[in-house]
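Peer 1: One file: upload33.cif (mmCIF, C-alpha atoms and all ligand atoms).
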data_work
#
loop_
_atom_site.label_atom_id
_atom_site.label_comp_id
_atom_site.auth_asym_id
_atom_site.auth_seq_id
_atom_site.Cartn_x
_atom_site.Cartn_y
_atom_site.Cartn_z
CA MET A 4 -124.47 -103.21 181.71
CA LYS A 5 -122.03 -102.38 184.49
CA ILE A 6 -118.63 -104.05 184.47
CA THR A 7 -118.12 -106.48 187.35
CA ALA A 8 -114.83 -108.19 186.37
CA VAL A 9 -112.02 -108.01 183.82
CA GLU A 10 -109.81 -111.09 183.44
CA ALA A 11 -106.47 -111.26 181.61
CA ILE A 12 -105.51 -114.90 180.94
CA PRO A 13 -102.14 -115.68 179.31
CA PHE A 14 -102.14 -118.63 176.90
CA ALA A 15 -99.66 -120.15 174.46
CA ILE A 16 -100.31 -122.09 171.24
CA PRO A 17 -97.38 -123.02 168.96
CA TYR A 18 -97.20 -122.18 165.27
CA ARG A 19 -96.52 -124.98 162.76
CA LYS A 20 -93.66 -122.87 161.41
CA PRO A 21 -92.17 -119.57 162.56
CA LEU A 22 -93.14 -116.33 160.83
CA ARG A 23 -90.06 -114.18 160.16
CA PHE A 24 -89.99 -110.51 159.16
CA ALA A 25 -87.60 -107.55 159.36
CA SER A 26 -88.48 -106.49 162.92
CA GLY A 27 -88.72 -109.93 164.54
CA GLU A 28 -90.11 -113.46 164.41
CA VAL A 29 -92.94 -115.38 166.05
CA HIS A 30 -92.80 -119.10 166.96
CA THR A 31 -95.64 -119.40 169.46
CA ALA A 32 -98.82 -117.37 169.85
CA GLU A 33 -98.24 -116.23 173.43
CA HIS A 34 -101.35 -114.08 173.66
CA VAL A 35 -103.62 -112.85 176.45
CA LEU A 36 -107.35 -113.66 176.48
CA ILE A 37 -109.42 -110.81 177.91
CA ARG A 38 -112.84 -111.46 179.44
CA VAL A 39 -115.08 -108.61 180.54
CA ARG A 40 -118.01 -109.66 182.75
CA THR A 41 -121.07 -107.52 183.47
CA GLU A 42 -123.76 -107.44 186.14
CA ASP A 43 -126.14 -109.05 183.59
CA GLY A 44 -124.05 -112.24 183.50
CA VAL A 45 -122.70 -111.39 180.02
CA VAL A 46 -119.05 -112.18 179.12
CA GLY A 47 -117.28 -110.31 176.32
CA ILE A 48 -113.98 -111.62 174.89
CA ALA A 49 -110.99 -110.41 172.90
CA GLU A 50 -107.29 -111.29 172.63
CA ALA A 51 -104.14 -109.19 172.95
CA PRO A 52 -101.04 -110.25 170.95
CA PRO A 53 -97.84 -108.99 172.65
CA ARG A 54 -95.44 -107.53 170.07
CA PRO A 55 -92.38 -106.29 171.98
CA PHE A 56 -90.58 -105.46 168.72
CA THR A 57 -93.47 -103.21 167.66
CA TYR A 58 -95.09 -101.72 170.78
CA GLY A 59 -92.84 -102.77 173.67
CA GLU A 60 -95.54 -104.94 175.30
CA THR A 61 -95.03 -108.49 176.58
CA GLN A 62 -97.51 -111.11 177.73
CA ASP A 63 -96.56 -110.27 181.37
CA SER A 64 -96.82 -106.52 180.85
CA ILE A 65 -100.27 -106.83 179.25
CA LYS A 66 -101.55 -108.90 182.16
CA ALA A 67 -99.96 -106.57 184.73
CA VAL A 68 -101.30 -103.33 183.25
CA ILE A 69 -104.81 -104.77 183.00
CA ASP A 70 -104.83 -106.35 186.49
CA LYS A 71 -103.09 -103.55 188.33
CA LEU A 72 -104.02 -100.32 186.54
CA PHE A 73 -107.08 -100.80 184.33
CA THR A 74 -109.37 -103.25 186.13
CA PRO A 75 -109.67 -101.41 189.48
CA GLU A 76 -110.76 -98.25 187.60
CA LEU A 77 -113.13 -100.02 185.18
CA LEU A 78 -115.23 -101.91 187.73
CA GLY A 79 -118.70 -100.36 188.04
CA LEU A 80 -118.49 -98.41 184.74
CA HIS A 81 -121.27 -98.88 182.17
CA LEU A 82 -120.37 -100.49 178.81
CA LEU A 83 -121.74 -97.45 176.96
CA GLU A 84 -119.63 -94.94 178.88
CA ARG A 85 -116.90 -95.30 176.29
CA GLU A 86 -115.47 -91.80 176.68
CA VAL A 87 -115.12 -92.37 180.42
CA ILE A 88 -113.62 -95.82 179.89
CA HIS A 89 -111.08 -94.48 177.38
CA GLY A 90 -110.32 -91.63 179.74
CA VAL A 91 -109.38 -94.27 182.32
CA LEU A 92 -107.27 -96.30 179.86
CA GLY A 93 -105.67 -93.13 178.47
CA ARG A 94 -104.23 -92.17 181.86
CA THR A 95 -101.61 -94.85 181.17
CA VAL A 96 -99.38 -94.13 178.18
CA GLY A 97 -98.61 -96.81 175.57
CA ASN A 98 -99.88 -100.39 175.99
CA PRO A 99 -101.92 -100.31 172.77
CA THR A 100 -102.82 -104.00 172.47
CA ALA A 101 -103.84 -104.23 176.16
CA LYS A 102 -106.15 -101.21 175.73
CA ALA A 103 -107.49 -102.44 172.38
CA ALA A 104 -108.37 -105.88 173.74
CA VAL A 105 -110.22 -104.40 176.73
CA ASP A 106 -112.11 -102.10 174.33
CA MET A 107 -113.08 -104.97 172.00
CA ALA A 108 -114.14 -107.27 174.84
CA MET A 109 -116.45 -104.47 176.02
CA TRP A 110 -117.94 -104.10 172.52
CA ASP A 111 -118.40 -107.90 172.41
CA ALA A 112 -120.20 -107.74 175.77
CA LEU A 113 -122.34 -104.85 174.48
CA GLY A 114 -123.31 -106.81 171.35
CA ARG A 115 -124.16 -109.88 173.43
CA THR A 116 -126.25 -107.79 175.82
CA LEU A 117 -128.22 -106.12 173.01
CA GLY A 118 -128.40 -109.30 170.89
CA PHE A 119 -126.68 -107.76 167.82
CA PRO A 120 -123.41 -108.52 165.99
CA VAL A 121 -120.75 -105.88 166.67
CA THR A 122 -120.25 -105.45 162.91
CA LEU A 123 -123.86 -104.18 162.69
CA LEU A 124 -123.40 -101.86 165.65
CA LEU A 125 -120.31 -100.42 163.94
CA GLY A 126 -121.66 -99.90 160.43
CA GLY A 127 -123.05 -103.11 158.90
CA PHE A 128 -121.76 -102.52 155.35
CA THR A 129 -121.23 -106.14 154.28
CA ASP A 130 -121.01 -109.66 155.70
CA ARG A 131 -117.52 -110.83 154.66
CA MET A 132 -114.08 -109.75 153.51
CA ARG A 133 -111.69 -111.00 150.90
CA VAL A 134 -108.60 -112.45 152.57
CA SER A 135 -104.98 -111.41 152.10
CA HIS A 136 -102.32 -113.87 153.32
CA MET A 137 -99.02 -112.64 154.78
CA LEU A 138 -95.90 -114.48 153.59
CA GLY A 139 -92.87 -114.34 155.92
CA PHE A 140 -89.20 -114.41 154.87
CA ALA A 141 -88.46 -117.49 152.77
CA GLU A 142 -86.53 -118.72 149.78
CA PRO A 143 -88.37 -118.03 146.50
CA ALA A 144 -89.45 -121.67 145.99
CA ALA A 145 -90.82 -121.97 149.54
CA ALA A 146 -92.73 -118.69 149.25
CA VAL A 147 -94.26 -119.83 145.95
CA ALA A 148 -95.22 -123.21 147.47
CA GLU A 149 -96.96 -121.53 150.43
CA ALA A 150 -98.82 -119.06 148.21
CA GLU A 151 -99.95 -121.86 145.88
CA ARG A 152 -101.17 -123.88 148.85
CA MET A 153 -103.15 -120.89 150.19
CA ARG A 154 -104.61 -120.27 146.73
CA ASP A 155 -105.48 -123.94 146.09
CA LEU A 156 -106.84 -124.78 149.56
CA TYR A 157 -108.56 -121.51 150.50
CA GLY A 158 -108.97 -119.57 147.25
CA ILE A 159 -106.77 -116.72 148.54
CA ALA A 160 -105.65 -114.41 145.72
CA THR A 161 -103.96 -111.56 147.61
CA PHE A 162 -100.54 -111.86 149.25
CA LYS A 163 -98.55 -109.49 151.41
CA VAL A 164 -94.85 -110.34 151.08
CA LYS A 165 -92.49 -109.54 153.94
CA VAL A 166 -89.42 -107.65 152.68
CA GLY A 167 -86.68 -105.54 154.28
CA ARG A 168 -83.72 -107.94 154.08
CA HIS A 169 -80.17 -107.19 152.96
CA PRO A 170 -79.36 -107.13 150.16
CA TYR A 171 -82.82 -106.06 148.97
CA THR A 172 -82.34 -108.27 145.90
CA LEU A 173 -83.20 -111.29 148.12
CA ASP A 174 -86.73 -109.93 148.44
CA VAL A 175 -86.93 -108.82 144.82
CA LYS A 176 -86.24 -112.45 143.82
CA VAL A 177 -89.09 -113.70 146.02
CA CYS A 178 -91.58 -111.18 144.62
CA ARG A 179 -90.52 -111.97 141.05
CA ALA A 180 -90.85 -115.72 141.65
CA LEU A 181 -94.36 -115.18 143.07
CA ARG A 182 -95.46 -113.11 140.08
CA ASP A 183 -93.94 -115.61 137.61
CA ALA A 184 -95.60 -118.60 139.31
CA LEU A 185 -98.99 -117.08 140.17
CA GLY A 186 -99.50 -114.79 137.19
CA ASP A 187 -101.52 -111.60 137.05
CA ALA A 188 -104.57 -113.13 138.74
CA VAL A 189 -103.14 -112.44 142.19
CA GLU A 190 -102.54 -109.16 144.00
CA LEU A 191 -99.08 -108.73 145.55
CA TYR A 192 -97.90 -106.02 147.94
CA VAL A 193 -94.91 -105.69 150.27
CA ASP A 194 -94.22 -104.85 153.92
CA GLY A 195 -90.68 -103.94 155.05
CA ASN A 196 -91.23 -103.52 158.81
CA ARG A 197 -88.68 -100.65 158.69
CA GLY A 198 -85.89 -102.93 157.44
CA TRP A 199 -84.52 -100.72 154.66
CA THR A 200 -83.26 -97.19 154.37
CA ALA A 201 -85.26 -94.78 152.25
CA SER A 202 -82.76 -95.11 149.39
CA GLU A 203 -82.77 -98.92 149.53
CA SER A 204 -86.56 -98.74 149.46
CA VAL A 205 -86.54 -96.60 146.30
CA GLN A 206 -84.02 -98.93 144.64
CA ALA A 207 -86.08 -102.00 145.55
CA LEU A 208 -89.33 -100.43 144.29
CA ARG A 209 -87.56 -99.56 141.00
CA ALA A 210 -86.28 -103.13 140.69
CA MET A 211 -89.85 -104.41 141.14
CA GLU A 212 -91.56 -101.78 138.98
CA ASP A 213 -92.68 -104.34 136.40
CA LEU A 214 -94.27 -106.67 139.01
CA GLY A 215 -97.49 -104.73 139.46
CA LEU A 216 -97.23 -104.40 143.25
CA THR A 217 -100.15 -102.49 144.74
CA LEU A 218 -98.89 -101.20 148.13
CA ALA A 219 -95.55 -100.64 149.90
CA GLU A 220 -95.88 -100.79 153.70
CA GLU A 221 -93.49 -99.34 156.30
CA LEU A 222 -90.34 -99.90 154.19
CA CYS A 223 -88.12 -97.57 156.26
CA PRO A 224 -88.45 -96.10 159.77
CA ALA A 225 -90.86 -93.22 160.43
CA ASP A 226 -87.98 -91.53 162.27
CA ASP A 227 -86.32 -91.05 158.86
CA VAL A 228 -88.50 -87.97 158.64
CA LEU A 229 -87.25 -86.45 155.40
CA GLY A 230 -86.32 -89.85 153.94
CA ARG A 231 -89.91 -91.04 154.21
CA ARG A 232 -91.26 -87.96 152.45
CA TRP A 233 -88.68 -88.44 149.71
CA LEU A 234 -89.73 -92.10 149.38
CA VAL A 235 -93.43 -91.18 149.11
CA SER A 236 -92.63 -88.64 146.41
CA ARG A 237 -90.80 -91.30 144.37
CA SER A 238 -93.03 -94.32 144.98
CA PRO A 239 -95.33 -95.30 142.11
CA ILE A 240 -97.69 -96.99 144.62
CA PRO A 241 -99.25 -95.90 147.94
CA VAL A 242 -96.87 -96.01 150.91
CA VAL A 243 -98.72 -97.56 153.86
CA ALA A 244 -98.01 -96.54 157.45
CA ASP A 245 -98.48 -99.42 159.91
CA GLU A 246 -96.50 -99.57 163.17
CA SER A 247 -95.74 -95.84 162.87
CA VAL A 248 -99.47 -95.03 163.32
CA PRO A 249 -100.74 -96.66 166.55
CA THR A 250 -103.10 -93.72 167.34
CA PRO A 251 -105.35 -91.28 165.45
CA ALA A 252 -102.84 -88.49 166.21
CA THR A 253 -99.94 -90.39 164.65
CA VAL A 254 -102.12 -91.16 161.61
CA THR A 255 -102.71 -87.41 161.26
CA ARG A 256 -99.02 -86.65 161.67
CA GLU A 257 -97.84 -89.19 159.09
CA LEU A 258 -100.46 -88.17 156.53
CA LEU A 259 -100.12 -84.40 156.93
CA SER A 260 -96.33 -84.54 156.84
CA GLY A 261 -96.42 -86.52 153.59
CA ALA A 262 -94.58 -89.47 155.15
CA ALA A 263 -97.30 -91.94 154.12
CA ASN A 264 -100.36 -91.86 151.88
CA ALA A 265 -102.25 -94.99 153.00
CA ILE A 266 -102.97 -96.46 156.44
CA SER A 267 -103.08 -99.96 157.93
CA ILE A 268 -105.89 -100.22 160.47
CA LYS A 269 -105.28 -102.93 163.09
CA THR A 270 -108.03 -103.62 165.59
CA ALA A 271 -105.36 -105.37 167.71
CA ARG A 272 -103.83 -101.95 168.49
CA THR A 273 -106.75 -99.51 168.16
CA GLY A 274 -109.65 -101.75 169.22
CA PHE A 275 -113.04 -100.91 167.74
CA THR A 276 -113.42 -97.45 169.26
CA TYR A 277 -110.13 -95.98 168.06
CA SER A 278 -110.19 -97.93 164.78
CA GLN A 279 -113.47 -96.10 164.09
CA ARG A 280 -111.69 -92.80 164.66
CA VAL A 281 -108.82 -93.81 162.36
CA HIS A 282 -111.33 -94.97 159.73
CA HIS A 283 -113.31 -91.72 159.88
CA LEU A 284 -110.10 -89.71 159.67
CA CYS A 285 -108.87 -91.62 156.60
CA GLU A 286 -112.25 -91.38 154.93
CA GLY A 287 -112.36 -87.67 155.68
CA VAL A 288 -109.01 -86.92 154.08
CA GLY A 289 -109.46 -89.48 151.29
CA VAL A 290 -106.70 -92.05 151.74
CA GLU A 291 -106.82 -95.79 151.19
CA VAL A 292 -106.76 -98.19 154.12
CA VAL A 293 -105.94 -101.85 154.53
CA MET A 294 -107.19 -104.00 157.42
CA GLY A 295 -103.88 -105.25 158.83
CA ASN A 296 -102.84 -108.28 160.86
CA GLN A 297 -100.95 -108.18 164.16
CA ILE A 298 -100.32 -111.91 163.67
CA ASP A 299 -103.71 -112.43 165.28
CA GLY A 300 -105.25 -115.69 166.44
CA GLN A 301 -108.83 -116.59 165.56
CA ILE A 302 -110.45 -114.23 168.08
CA GLY A 303 -108.30 -111.35 166.82
CA SER A 304 -109.01 -112.25 163.19
CA MET A 305 -112.76 -112.25 163.89
CA CYS A 306 -112.38 -108.78 165.44
CA THR A 307 -110.57 -107.59 162.29
CA VAL A 308 -113.24 -108.92 159.92
CA ALA A 309 -116.09 -107.64 162.14
CA PHE A 310 -114.61 -104.15 161.87
CA GLY A 311 -113.45 -104.37 158.25
CA ALA A 312 -116.84 -105.57 156.99
CA ALA A 313 -118.61 -102.76 158.82
CA TYR A 314 -117.53 -100.00 156.41
CA ARG A 315 -117.30 -99.47 152.66
CA LEU A 316 -113.73 -98.11 152.84
CA THR A 317 -112.29 -100.91 154.99
CA SER A 318 -113.90 -103.68 152.94
CA GLN A 319 -112.66 -102.46 149.55
CA ARG A 320 -109.32 -104.22 149.86
CA ALA A 321 -108.64 -107.77 151.02
CA GLY A 322 -108.03 -107.86 154.79
CA GLU A 323 -105.05 -109.65 156.37
CA LEU A 324 -107.04 -112.43 158.03
CA SER A 325 -105.35 -115.77 157.50
CA ASN A 326 -102.22 -116.16 159.62
CA PHE A 327 -104.15 -118.12 162.27
CA LEU A 328 -104.05 -120.95 159.71
CA ASP A 329 -100.41 -121.50 160.71
CA MET A 330 -101.30 -122.12 164.38
CA THR A 331 -101.50 -125.73 165.58
CA ASP A 332 -104.81 -125.04 167.38
CA ASP A 333 -106.94 -122.20 168.71
CA LEU A 334 -109.38 -121.48 171.55
CA LEU A 335 -112.73 -121.39 169.75
CA THR A 336 -115.63 -123.82 169.96
CA GLU A 337 -116.15 -123.39 166.19
CA PRO A 338 -112.95 -122.63 164.25
CA LEU A 339 -113.01 -119.91 161.57
CA GLU A 340 -113.18 -121.11 157.98
CA ILE A 341 -111.83 -119.34 154.92
CA ARG A 342 -113.58 -120.42 151.70
CA ASP A 343 -113.36 -119.03 148.16
CA GLY A 344 -110.83 -116.52 149.42
CA THR A 345 -113.24 -114.90 151.87
CA LEU A 346 -113.85 -114.92 155.62
CA PRO A 347 -117.48 -114.34 156.64
CA VAL A 348 -118.48 -112.32 159.70
CA ARG A 349 -120.23 -114.48 162.30
CA GLN A 350 -123.89 -113.56 162.56
CA GLY A 351 -124.17 -114.25 166.32
CA ALA A 352 -124.32 -111.51 168.94
CA GLY A 353 -121.10 -109.62 169.71
CA ILE A 354 -118.17 -110.85 167.62
CA GLY A 355 -120.00 -114.17 167.38
CA VAL A 356 -117.32 -116.54 168.68
CA ASP A 357 -117.07 -118.54 171.92
CA VAL A 358 -114.13 -119.94 173.84
CA ASP A 359 -113.88 -123.72 174.29
CA GLU A 360 -113.22 -124.08 178.04
CA ASP A 361 -111.33 -127.38 177.60
CA LYS A 362 -108.97 -125.77 175.13
CA LEU A 363 -108.47 -122.80 177.40
CA THR A 364 -107.60 -125.14 180.27
CA ARG A 365 -105.07 -126.89 178.00
CA TYR A 366 -103.34 -123.73 176.76
CA ARG A 367 -103.62 -121.24 179.62
CA GLN A 368 -100.36 -120.53 181.41
CA ASP A 369 -101.54 -119.20 184.75
CA THR A 370 -102.60 -122.48 186.39
C1 LIG B 1 -97.29 -106.38 159.91
O1 LIG B 1 -98.12 -105.93 159.14
O2 LIG B 1 -96.30 -105.71 160.14
C2 LIG B 1 -95.37 -108.07 161.79
C3 LIG B 1 -94.98 -107.52 162.95
C4 LIG B 1 -96.12 -107.08 163.61
O3 LIG B 1 -96.18 -106.50 164.70
O4 LIG B 1 -97.22 -107.32 162.86
C5 LIG B 1 -96.83 -108.07 161.75
C6 LIG B 1 -97.52 -107.74 160.52
MG MG B 2 -96.92 -104.12 158.64
#
Any chance you could put this one into structure tokens?

Peer 2:
Amino acid sequence: MKITAVEAIPFAIPYRKPLRFASGEVHTAEHVLIRVRTEDGVVGIAEAPPRPFTYGETQDSIKAVIDKLFTPELLGLHLLEREVIHGVLGRTVGNPTAKAAVDMAMWDALGRTLGFPVTLLLGGFTDRMRVSHMLGFAEPAAAVAEAERMRDLYGIATFKVKVGRHPYTLDVKVCRALRDALGDAVELYVDGNRGWTASESVQALRAMEDLGLTLAEELCPADDVLGRRWLVSRSPIPVVADESVPTPATVTRELLSGAANAISIKTARTGFTYSQRVHHLCEGVGVEVVMGNQIDGQIGSMCTVAFGAAYRLTSQRAGELSNFLDMTDDLLTEPLEIRDGTLPVRQGAGIGVDVDEDKLTRYRQDT
């Protein structure tokens, strides 16, 4: 089970339409495929999505940190020496999605070596998750049309609506149009990606009080230290910390300071190992979690569902698992399928998905 190679392969697959939100926009999935090879001939995979507007990483920086800093130190280590491996990765600050993808590719390799799905190795609670679809900035009619299409084609009944625009009434109109068109059968919650001030956030939540929203994510910046506490004290619904909590320590800080009272767990930034620590922490202090989406492709979405389905707490809510549907293609031999509003965990060893080498040749950017 010793590591013999770590590859970081940049690839690019366009989206059918851009996804826009308060902190940025995405037109093409310019991700990095990570492959970890072991002495047993096993290959584990994962993908890293660069999000410069969230973590400061780029496709080039992810490849460089893996090739130049991580790989030379990882070669020869055993897949089960996770504390040693994370000691090596932790010597470099930041770079959360690069570290997370290396971690998940190692778990995938471990599962393939042992012949078990990673979801079972993690906790094995259930075999699928309900799906939540993320709606980017749009006019009310376009947002309604997309939500109806997701409901009618895939059975999705939970929607996260991107907010954080100015004036906030633009977003209030979208949320109201969604509730009017879709009725009470769907769950709606909002994510501001730090676009509003604390006072705008409170005004917007008041204006939407009758819409039955269930969560309010990252409406204003975590640096608005007192503003966030004030917002939490006035919000009728849990305030979710997302990009402000990329590590277990920041989760602790946000929760103990009263700046958030629910947590988004993203395997894309905390891998499986640190997502476990975040999960255990949240369970220990009794806060709700949501399995979030870093605008993942199919490999990343399979990692999210493998983790989310592993525990009771993470599988209670719908997970954000569907934005790969907007990509024009993906790398897998067997594409993921969402049916009846759920995404099943693959029962094969590891995360249960394989890369189609022809597709990789078509989309990789390093040849
Ligand atoms: C989210 O939940 O914020 C938007 C930016 C990003 O980094 O992830 C997405 C989704
Ligand atoms: Mg978010």

Peer 1: Counting only C-alpha atoms and all ligand atoms, which residue out of A:Val288, A:Val177, A:Leu117, A:Ala51 sits closest to ligand LIG 1 (chain B)?

Peer 2: A:Ala51

Peer 1: Have a look at atom CA of Thr336 of chain A and atom CA of Phe14 of chain A and let me know their distance in Å, one decimal.

Peer 2: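 Taking atom CA of Thr336 of chain A and atom CA of Phe14 of chain A, their separation equals 16.0 Å.
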
Peer 1: Interatomic distance between atom CA of Thr307 of chain A and atom CA of Met294 of chain A?

Peer 2: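 These two atoms are separated by 6.9 Å.
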
Peer 1: What residues have any atom no more than 9 Å from ligand LIG 1 (chain B) when counting all atoms listed in the file, and can you list them as a PyMOL selection string?

Peer 2: chain A and resi 22-29+52-58+137+139+163+165+194-196+220-221+245-246+267+269+295-299+323

Peer 1: Choose the residue, out of A:Ala252, A:Val242, A:Ile354, A:Leu334, that has the smallest atom-to-atom separation from ligand MG 2 (chain B); count all atoms listed in the file.

Peer 2: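 Looking only at the distances to ligand MG 2 (chain B), the closest residue turns out to be A:Val242.
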
Peer 1: Extract, using all atoms listed in the file, all DNA, RNA and protein residues at most 10 Å from Gly355 of chain A, discarding same-chain residues fewer than 6 positions from it, and format them as a PDB file with C-alpha atoms, in the coordinates of the input.

Peer 2:
ATOM      1  CA  ILE A  48    -113.980-111.620 174.890  1.00  0.00           C
ATOM      2  CA  ASP A 111    -118.400-107.900 172.410  1.00  0.00           C
ATOM      3  CA  GLY A 114    -123.310-106.810 171.350  1.00  0.00           C
ATOM      4  CA  ARG A 115    -124.160-109.880 173.430  1.00  0.00           C
ATOM      5  CA  PHE A 119    -126.680-107.760 167.820  1.00  0.00           C
ATOM      6  CA  PRO A 120    -123.410-108.520 165.990  1.00  0.00           C
ATOM      7  CA  VAL A 121    -120.750-105.880 166.670  1.00  0.00           C
ATOM      8  CA  THR A 122    -120.250-105.450 162.910  1.00  0.00           C
ATOM      9  CA  ILE A 302    -110.450-114.230 168.080  1.00  0.00           C
ATOM     10  CA  MET A 305    -112.760-112.250 163.890  1.00  0.00           C
ATOM     11  CA  CYS A 306    -112.380-108.780 165.440  1.00  0.00           C
ATOM     12  CA  ALA A 309    -116.090-107.640 162.140  1.00  0.00           C
ATOM     13  CA  VAL A 348    -118.480-112.320 159.700  1.00  0.00           C
ATOM     14  CA  ARG A 349    -120.230-114.480 162.300  1.00  0.00           C
TER      15      ARG A 349
END

Peer 1: Using only C-alpha atoms, find the one residue out of A:Thr129, A:Ser304, A:Phe275, A:Ala312 that sits nearest to Leu339 of chain A.

Peer 2: A:Ser304

Peer 1: Can you tell me how far atom CA of Ser204 of chain A sits from atom CA of Ala219 of chain A, in Å to one decimal?

Peer 2: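 Computing it gives 9.2 Å between the two atoms.
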
Peer 1: With all atoms listed in the file as the atoms that count, which of A:Gly59, A:Pro347, A:Gly261, A:Gly311 lies nearest to Pro241 of chain A?

Peer 2: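 So, comparing all the options, the nearest one is A:Gly261.
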
Peer 1: Which residue, A:Cys223, A:Met153, A:Leu80, A:Val281, has the smallest gap to ligand MG 2 (chain B) when you use all atoms listed in the file?

Peer 2: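 When distances to ligand MG 2 (chain B) are compared using all atoms listed in the file, the smallest one comes from A:Cys223.
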
Peer 1: Restricting the calculation to all atoms listed in the file, which member of A:Glu291, A:Glu60, A:Glu50, A:Asp226 is positioned closest to Met109 of chain A?

Peer 2: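 Of the candidates, the smallest distance to Met109 of chain A is held by A:Glu50.
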
Peer 1: Could you give me, as a list in words, the residues within 10 Å of Glu286 of chain A, counting all atoms listed in the file and dropping anything in the same chain fewer than 6 positions from it?

Peer 2: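 That gives Arg280, Val292, Arg315, Leu316 and Thr317 of chain A.
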
Peer 1: Taking 2 positions as the minimum chain separation for residues in the same chain, which residues sit within 10 Å of Val189 of chain A when counting all atoms listed in the file? Answer as an mmCIF file with C-alpha atoms, keeping the file's coordinate frame.

Peer 2:
data_model
loop_
_atom_site.group_PDB
_atom_site.id
_atom_site.type_symbol
_atom_site.label_atom_id
_atom_site.label_comp_id
_atom_site.auth_asym_id
_atom_site.auth_seq_id
_atom_site.Cartn_x
_atom_site.Cartn_y
_atom_site.Cartn_z
ATOM 1 C CA ALA A 150 -98.820 -119.060 148.210
ATOM 2 C CA ARG A 154 -104.610 -120.270 146.730
ATOM 3 C CA ILE A 159 -106.770 -116.720 148.540
ATOM 4 C CA ALA A 160 -105.650 -114.410 145.720
ATOM 5 C CA THR A 161 -103.960 -111.560 147.610
ATOM 6 C CA PHE A 162 -100.540 -111.860 149.250
ATOM 7 C CA LEU A 181 -94.360 -115.180 143.070
ATOM 8 C CA ARG A 182 -95.460 -113.110 140.080
ATOM 9 C CA LEU A 185 -98.990 -117.080 140.170
ATOM 10 C CA GLY A 186 -99.500 -114.790 137.190
ATOM 11 C CA ASP A 187 -101.520 -111.600 137.050
ATOM 12 C CA LEU A 191 -99.080 -108.730 145.550
ATOM 13 C CA GLY A 215 -97.490 -104.730 139.460
#
